[in-house]
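J.: Contents of final19.cif (mmCIF, C-alpha atoms) are given next:
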data_target
#
loop_
_atom_site.label_atom_id
_atom_site.label_comp_id
_atom_site.auth_asym_id
_atom_site.auth_seq_id
_atom_site.Cartn_x
_atom_site.Cartn_y
_atom_site.Cartn_z
CA MET P 196 -26.09 -8.04 -4.08
CA LYS P 197 -27.70 -11.36 -3.13
CA ASN P 198 -31.01 -9.61 -2.37
CA ASN P 199 -31.17 -7.83 -5.75
CA LYS P 200 -32.67 -10.29 -8.24
CA LYS P 201 -32.03 -7.88 -11.13
CA LEU P 202 -28.26 -7.89 -10.57
CA ARG P 203 -26.07 -10.54 -12.16
CA VAL P 204 -22.33 -10.61 -11.56
CA ILE P 205 -20.34 -11.61 -14.63
CA SER P 206 -16.57 -11.87 -14.50
CA HIS P 207 -13.66 -13.16 -16.52
CA GLU P 208 -11.29 -15.70 -15.00
CA ASN P 209 -8.38 -13.40 -15.86
CA SER P 210 -8.32 -9.66 -16.42
CA GLN P 211 -8.91 -8.96 -20.11
CA GLY P 212 -9.28 -5.18 -20.03
CA GLN P 213 -12.05 -2.63 -20.10
CA SER P 214 -13.26 -3.26 -23.65
CA ALA P 215 -13.56 -7.00 -23.05
CA ALA P 216 -15.45 -6.37 -19.81
CA LEU P 217 -17.88 -4.03 -21.55
CA ARG P 218 -18.43 -6.46 -24.41
CA THR P 219 -19.08 -9.40 -22.09
CA GLY P 220 -21.56 -7.43 -19.98
CA ILE P 221 -23.36 -5.93 -22.96
CA LYS P 222 -23.69 -9.27 -24.75
CA ALA P 223 -25.10 -10.85 -21.56
CA SER P 224 -27.57 -8.03 -20.90
CA ASN P 225 -31.31 -8.49 -21.34
CA SER P 226 -31.98 -4.85 -22.17
CA THR P 227 -32.09 -3.01 -25.49
CA LEU P 228 -30.57 0.06 -23.79
CA ILE P 229 -27.11 0.02 -22.24
CA ALA P 230 -25.64 2.42 -19.70
CA THR P 231 -21.94 2.31 -18.80
CA LEU P 232 -19.83 4.07 -16.22
CA ASP P 233 -16.36 3.49 -14.84
CA GLY P 234 -16.02 1.75 -11.49
CA ASP P 235 -13.61 4.28 -9.97
CA GLY P 236 -16.38 6.50 -8.63
CA GLN P 237 -15.56 9.50 -10.84
CA ASN P 238 -18.83 9.17 -12.76
CA ASP P 239 -22.01 10.02 -10.86
CA PRO P 240 -24.75 7.42 -11.49
CA SER P 241 -27.40 10.08 -10.80
CA ASP P 242 -26.68 11.43 -14.32
CA LEU P 243 -27.93 8.21 -15.94
CA PRO P 244 -31.75 8.70 -15.67
CA LYS P 245 -31.64 11.98 -17.62
CA MET P 246 -29.26 10.48 -20.17
CA ILE P 247 -31.64 7.55 -20.65
CA ASP P 248 -34.61 9.92 -21.00
CA THR P 249 -32.68 11.87 -23.66
CA LEU P 250 -31.97 8.68 -25.59
CA LYS P 251 -35.60 7.59 -25.38
CA SER P 252 -36.73 10.98 -26.74
CA CYS P 253 -34.62 10.53 -29.88
CA LYS P 254 -36.51 9.21 -32.86
CA ASP P 255 -33.34 8.04 -34.60
CA GLU P 256 -32.87 4.32 -34.94
CA LEU P 257 -29.47 4.16 -33.25
CA VAL P 258 -28.11 6.66 -30.72
CA LEU P 259 -25.08 6.97 -28.46
CA ILE P 260 -25.11 9.60 -25.73
CA GLY P 261 -21.69 10.28 -24.27
CA GLY P 262 -20.99 12.14 -21.09
CA VAL P 263 -18.98 15.35 -21.13
CA ARG P 264 -17.21 15.84 -17.82
CA VAL P 265 -17.89 19.30 -16.37
CA ASN P 266 -15.30 20.64 -13.91
CA ARG P 267 -13.04 17.61 -14.30
CA LYS P 268 -11.23 16.50 -11.17
CA ASP P 269 -8.08 15.26 -12.92
CA SER P 270 -4.45 16.35 -12.85
CA ILE P 271 -3.22 18.99 -15.27
CA THR P 272 -1.20 16.37 -17.15
CA ARG P 273 -4.27 14.15 -17.56
CA LEU P 274 -6.29 17.16 -18.79
CA TRP P 275 -3.56 18.07 -21.27
CA ALA P 276 -3.31 14.49 -22.55
CA SER P 277 -7.10 14.32 -22.95
CA SER P 278 -7.13 17.60 -24.90
CA PHE P 279 -4.38 16.33 -27.20
CA ALA P 280 -6.22 13.02 -27.76
CA LYS P 281 -9.49 14.85 -28.46
CA TYR P 282 -7.75 17.04 -31.06
CA CYS P 283 -6.18 13.99 -32.72
CA ARG P 284 -9.48 12.07 -32.79
CA PHE P 285 -11.21 15.08 -34.36
CA ILE P 286 -8.53 15.61 -37.03
CA LEU P 287 -7.90 11.95 -37.85
CA LEU P 288 -11.28 10.33 -37.23
CA LYS P 289 -13.75 13.22 -37.58
CA ASP P 290 -14.90 12.33 -34.04
CA ILE P 291 -17.12 15.27 -33.08
CA HIS P 292 -17.78 14.21 -29.49
CA PRO P 293 -15.96 16.60 -27.10
CA ASP P 294 -15.18 13.95 -24.45
CA SER P 295 -15.24 10.47 -25.98
CA GLY P 296 -12.95 9.26 -23.20
CA CYS P 297 -15.66 9.80 -20.58
CA GLY P 298 -16.83 6.42 -19.25
CA ILE P 299 -20.49 7.32 -18.69
CA LYS P 300 -22.49 6.56 -21.82
CA VAL P 301 -25.96 5.41 -22.84
CA PHE P 302 -26.62 3.67 -26.16
CA HIS P 303 -28.63 1.02 -27.95
CA LYS P 304 -27.33 -2.52 -27.46
CA GLU P 305 -27.89 -3.16 -31.17
CA LEU P 306 -25.50 -0.33 -32.01
CA PHE P 307 -22.74 -1.73 -29.83
CA LEU P 308 -23.13 -5.22 -31.28
CA ARG P 309 -22.67 -3.82 -34.79
CA LEU P 310 -19.30 -2.28 -33.89
CA PRO P 311 -16.09 -4.10 -34.74
CA TYR P 312 -14.57 -5.44 -31.53
CA PHE P 313 -10.92 -4.84 -30.61
CA ASP P 314 -8.99 -4.24 -27.42
CA HIS P 315 -9.28 -0.59 -26.28
CA MET P 316 -12.32 0.03 -28.50
CA HIS P 317 -14.02 1.73 -25.52
CA ARG P 318 -11.95 4.85 -26.28
CA PHE P 319 -13.44 5.08 -29.77
CA LEU P 320 -17.13 4.33 -29.24
CA SER P 321 -18.31 7.68 -30.60
CA ALA P 322 -16.13 7.45 -33.74
CA LEU P 323 -17.23 3.85 -34.32
CA ALA P 324 -20.89 4.78 -33.75
CA LEU P 325 -20.59 7.58 -36.31
CA ARG P 326 -19.11 5.05 -38.74
CA GLU P 327 -22.32 3.03 -38.37
CA GLY P 328 -24.50 6.04 -39.12
CA ALA P 329 -25.65 6.46 -35.51
CA LYS P 330 -26.52 9.78 -33.94
CA VAL P 331 -23.91 10.78 -31.34
CA LEU P 332 -25.00 13.26 -28.68
CA LYS P 333 -23.18 14.90 -25.80
CA PHE P 334 -24.54 15.23 -22.28
CA ASN P 335 -22.93 17.30 -19.52
CA VAL P 336 -22.21 15.12 -16.47
CA LYS P 337 -20.73 15.62 -13.03
CA HIS P 338 -17.17 14.52 -12.37
CA ARG P 339 -15.71 13.58 -9.00
CA GLU P 340 -12.36 12.76 -7.48
CA ARG P 341 -11.38 9.12 -7.93
CA LEU P 342 -12.88 7.17 -5.02
CA LEU P 343 -11.43 3.71 -5.65
CA GLY P 344 -8.23 2.22 -7.03
CA THR P 345 -5.61 3.72 -9.27
CA SER P 346 -5.73 4.17 -13.00
CA ASN P 347 -4.35 1.36 -15.14
CA TYR P 348 -3.45 3.95 -17.78
CA THR P 349 -0.50 6.32 -17.91
CA ASN P 350 -0.49 9.18 -20.38
CA PHE P 351 2.45 7.65 -22.27
CA GLY P 352 0.87 4.18 -22.27
CA ARG P 353 -2.41 5.57 -23.57
CA PHE P 354 -0.49 7.45 -26.27
CA LEU P 355 1.34 4.34 -27.51
CA VAL P 356 -1.75 2.12 -27.57
CA GLY P 357 -3.89 4.96 -28.90
CA LEU P 358 -1.51 5.58 -31.81
CA PHE P 359 -1.98 2.07 -33.17
CA ASP P 360 -5.69 2.07 -32.37
CA VAL P 361 -6.27 5.35 -34.24
CA LEU P 362 -4.59 3.84 -37.30
CA GLY P 363 -6.86 0.79 -36.98
CA VAL P 364 -10.00 2.92 -36.67
CA ILE P 365 -8.94 4.96 -39.70
CA TRP P 366 -8.55 1.68 -41.59
CA LEU P 367 -11.99 0.49 -40.42
CA ARG P 368 -13.61 3.78 -41.40
CA ASN P 369 -12.00 3.67 -44.84
CA ARG P 370 -13.13 0.07 -45.42
CA MET P 371 -16.81 1.07 -45.18
CA PRO P 372 -18.21 1.49 -48.71
CA LYS P 373 -18.36 5.16 -49.65
CA ASN P 374 -21.60 7.02 -48.83
CA THR P 375 -22.96 3.93 -47.11
CA SER P 376 -23.86 3.29 -43.51
CA PHE P 377 -24.04 -0.12 -41.90
CA LYS P 378 -27.85 0.23 -41.79
CA GLU P 379 -27.91 0.42 -45.58
CA ILE P 380 -25.67 -2.64 -45.97
CA LEU P 381 -28.08 -4.74 -43.89
CA LYS P 382 -31.07 -3.89 -46.10
#
Output the file's structure in the form of structure tokens.
T.:
Amino acid sequence: MKNNKKLRVISHENSQGQSAALRTGIKASNSTLIATLDGDGQNDPSDLPKMIDTLKSCKDELVLIGGVRVNRKDSITRLWASSFAKYCRFILLKDIHPDSGCGIKVFHKELFLRLPYFDHMHRFLSALALREGAKVLKFNVKHRERLLGTSNYTNFGRFLVGLFDVLGVIWLRNRMPKNTSFKEILK
């Protein structure tokens, strides 16, 4: 890391969670494009160049490209919980992305900075991006066995936190003036 002048290590004194880590890194970045992936090794970084090319080919002002894990290497209970969460996000939030829980994403920094910040927001990036009038695209990505660490999330824990967060995102979506996107409000 010391030999790579383009790499900066940014850390919090105390663990503040995944959404806080993403926000801190994104705010400190010098790029207009952001790529994220989880640090457990399940996402393959070799998917990022094609995702970035896809984003660059879009003529829309704001875009989020979310990975869709192909041949997921997760337990049957994790797959079931993800399917249930996806169904709930679709019904309650009109989230059309088929795998918004996938950690590998590419998006405009400006889009992220427009999103309302809250703990666990990383699970709702596609729904929040849609709220802002952004284009949300899916991109099939590879998925691998977890290489490092253990998950900080249990299915029950994600359900409890997710229940309150879904209600909050519904509230946020309903607070946006009707037939208006954030882009229009800024004009």
J.: For a test of reading the model, state the distance in Å between atom CA of Phe307 of chain P and atom CA of His292 of chain P, rounded to one decimal.
T.: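 Separation between atom CA of Phe307 of chain P and atom CA of His292 of chain P: 16.7 Å.
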J.: Taking the file above as input, evaluate the PyMOL selection byres ((chain P and resi 248) around 12) and report the hits as a short mmCIF file (atom, residue, chain, number, x, y, z; two decimals) with C-alpha atoms, keeping the file's coordinate frame.
T.:
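expr21.cif, written as the output of this step:
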data_model
loop_
_atom_site.label_atom_id
_atom_site.label_comp_id
_atom_site.auth_asym_id
_atom_site.auth_seq_id
_atom_site.Cartn_x
_atom_site.Cartn_y
_atom_site.Cartn_z
CA LEU P 228 -30.57 0.06 -23.79
CA ALA P 230 -25.64 2.42 -19.70
CA ASP P 242 -26.68 11.43 -14.32
CA LEU P 243 -27.93 8.21 -15.94
CA PRO P 244 -31.75 8.70 -15.67
CA LYS P 245 -31.64 11.98 -17.62
CA MET P 246 -29.26 10.48 -20.17
CA ILE P 247 -31.64 7.55 -20.65
CA THR P 249 -32.68 11.87 -23.66
CA LEU P 250 -31.97 8.68 -25.59
CA LYS P 251 -35.60 7.59 -25.38
CA SER P 252 -36.73 10.98 -26.74
CA CYS P 253 -34.62 10.53 -29.88
CA ILE P 260 -25.11 9.60 -25.73
CA VAL P 301 -25.96 5.41 -22.84
CA PHE P 302 -26.62 3.67 -26.16
CA PHE P 334 -24.54 15.23 -22.28
#
J.: Counting only C-alpha atoms, which residues come within 10 Å of (-22.6, 4.8, -31.9), with the point read in the file's coordinates, and could you list them as number ranges by chain?
T.: P: 257-261, 301-307, 309-310, 319-332
J.: Within 12 Å of (-8.6, 13.8, -27.3) (coordinates as in the file), grab all the protein and nucleic acid residues, counting all atoms listed in the file, and write them out as a PyMOL selection string.
T.: chain P and resi 273-297+318-319+321-322+350+353-354+357-358+361
J.: One decimal, Å: what's the distance from atom CA of Ile205 of chain P over to atom CA of Asp239 of chain P, could you say?
T.: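 If I compute the distance from atom CA of Ile205 of chain P to atom CA of Asp239 of chain P, I get 22.0 Å.
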J.: Take atom CA of Leu232 of chain P and atom CA of Ser206 of chain P and report the distance between them in Å, one decimal.
T.: 16.4 Å
J.: Neighbouring residues of Val265 of chain P were defined as those with any atom within 8 Å, considering all atoms listed in the file; residues of the same chain fewer than 3 positions away were excluded. Please report them as a ChimeraX atom specification.
T.: /P:335-338
J.: Pick from P:Gln237, P:Asn369, P:Ser226, P:Thr219: nearest to Arg341 of chain P, with only C-alpha atoms counted?
T.: P:Gln237
J.: Evaluating the PyMOL selection byres ((chain P and resi 204) around 12) on the displayed file yields which residues, as a VMD selection string?
T.: chain P and resid 196 to 197 199 to 203 205 to 207 216 219 to 220 223 to 224
J.: Keeping only C-alpha atoms, write the selected residues as a PDB file, keeping the file's coordinate frame.
T.:
ATOM      1  CA  MET P 196     -26.090  -8.040  -4.080  1.00  0.00           C
ATOM      2  CA  LYS P 197     -27.700 -11.360  -3.130  1.00  0.00           C
ATOM      3  CA  ASN P 199     -31.170  -7.830  -5.750  1.00  0.00           C
ATOM      4  CA  LYS P 200     -32.670 -10.290  -8.240  1.00  0.00           C
ATOM      5  CA  LYS P 201     -32.030  -7.880 -11.130  1.00  0.00           C
ATOM      6  CA  LEU P 202     -28.260  -7.890 -10.570  1.00  0.00           C
ATOM      7  CA  ARG P 203     -26.070 -10.540 -12.160  1.00  0.00           C
ATOM      8  CA  ILE P 205     -20.340 -11.610 -14.630  1.00  0.00           C
ATOM      9  CA  SER P 206     -16.570 -11.870 -14.500  1.00  0.00           C
ATOM     10  CA  HIS P 207     -13.660 -13.160 -16.520  1.00  0.00           C
ATOM     11  CA  ALA P 216     -15.450  -6.370 -19.810  1.00  0.00           C
ATOM     12  CA  THR P 219     -19.080  -9.400 -22.090  1.00  0.00           C
ATOM     13  CA  GLY P 220     -21.560  -7.430 -19.980  1.00  0.00           C
ATOM     14  CA  ALA P 223     -25.100 -10.850 -21.560  1.00  0.00           C
ATOM     15  CA  SER P 224     -27.570  -8.030 -20.900  1.00  0.00           C
TER      16      SER P 224
END
J.: Using only the atoms of segment 269-285 of chain P listed in the file, plus 6 Å on each side, state the axis-aligned box centre and edge lengths in Å rounded to one decimal, as AutoDock Vina command-line options.
T.:
--center_x -6.2 --center_y 15.5 --center_z -23.6 --size_x 22.0 --size_y 18.9 --size_z 33.5
J.: For this file, the PyMOL selection byres ((chain P and resi 314) around 7) selects which residues, as number ranges by chain?
T.: P: 214-215, 313, 315-316
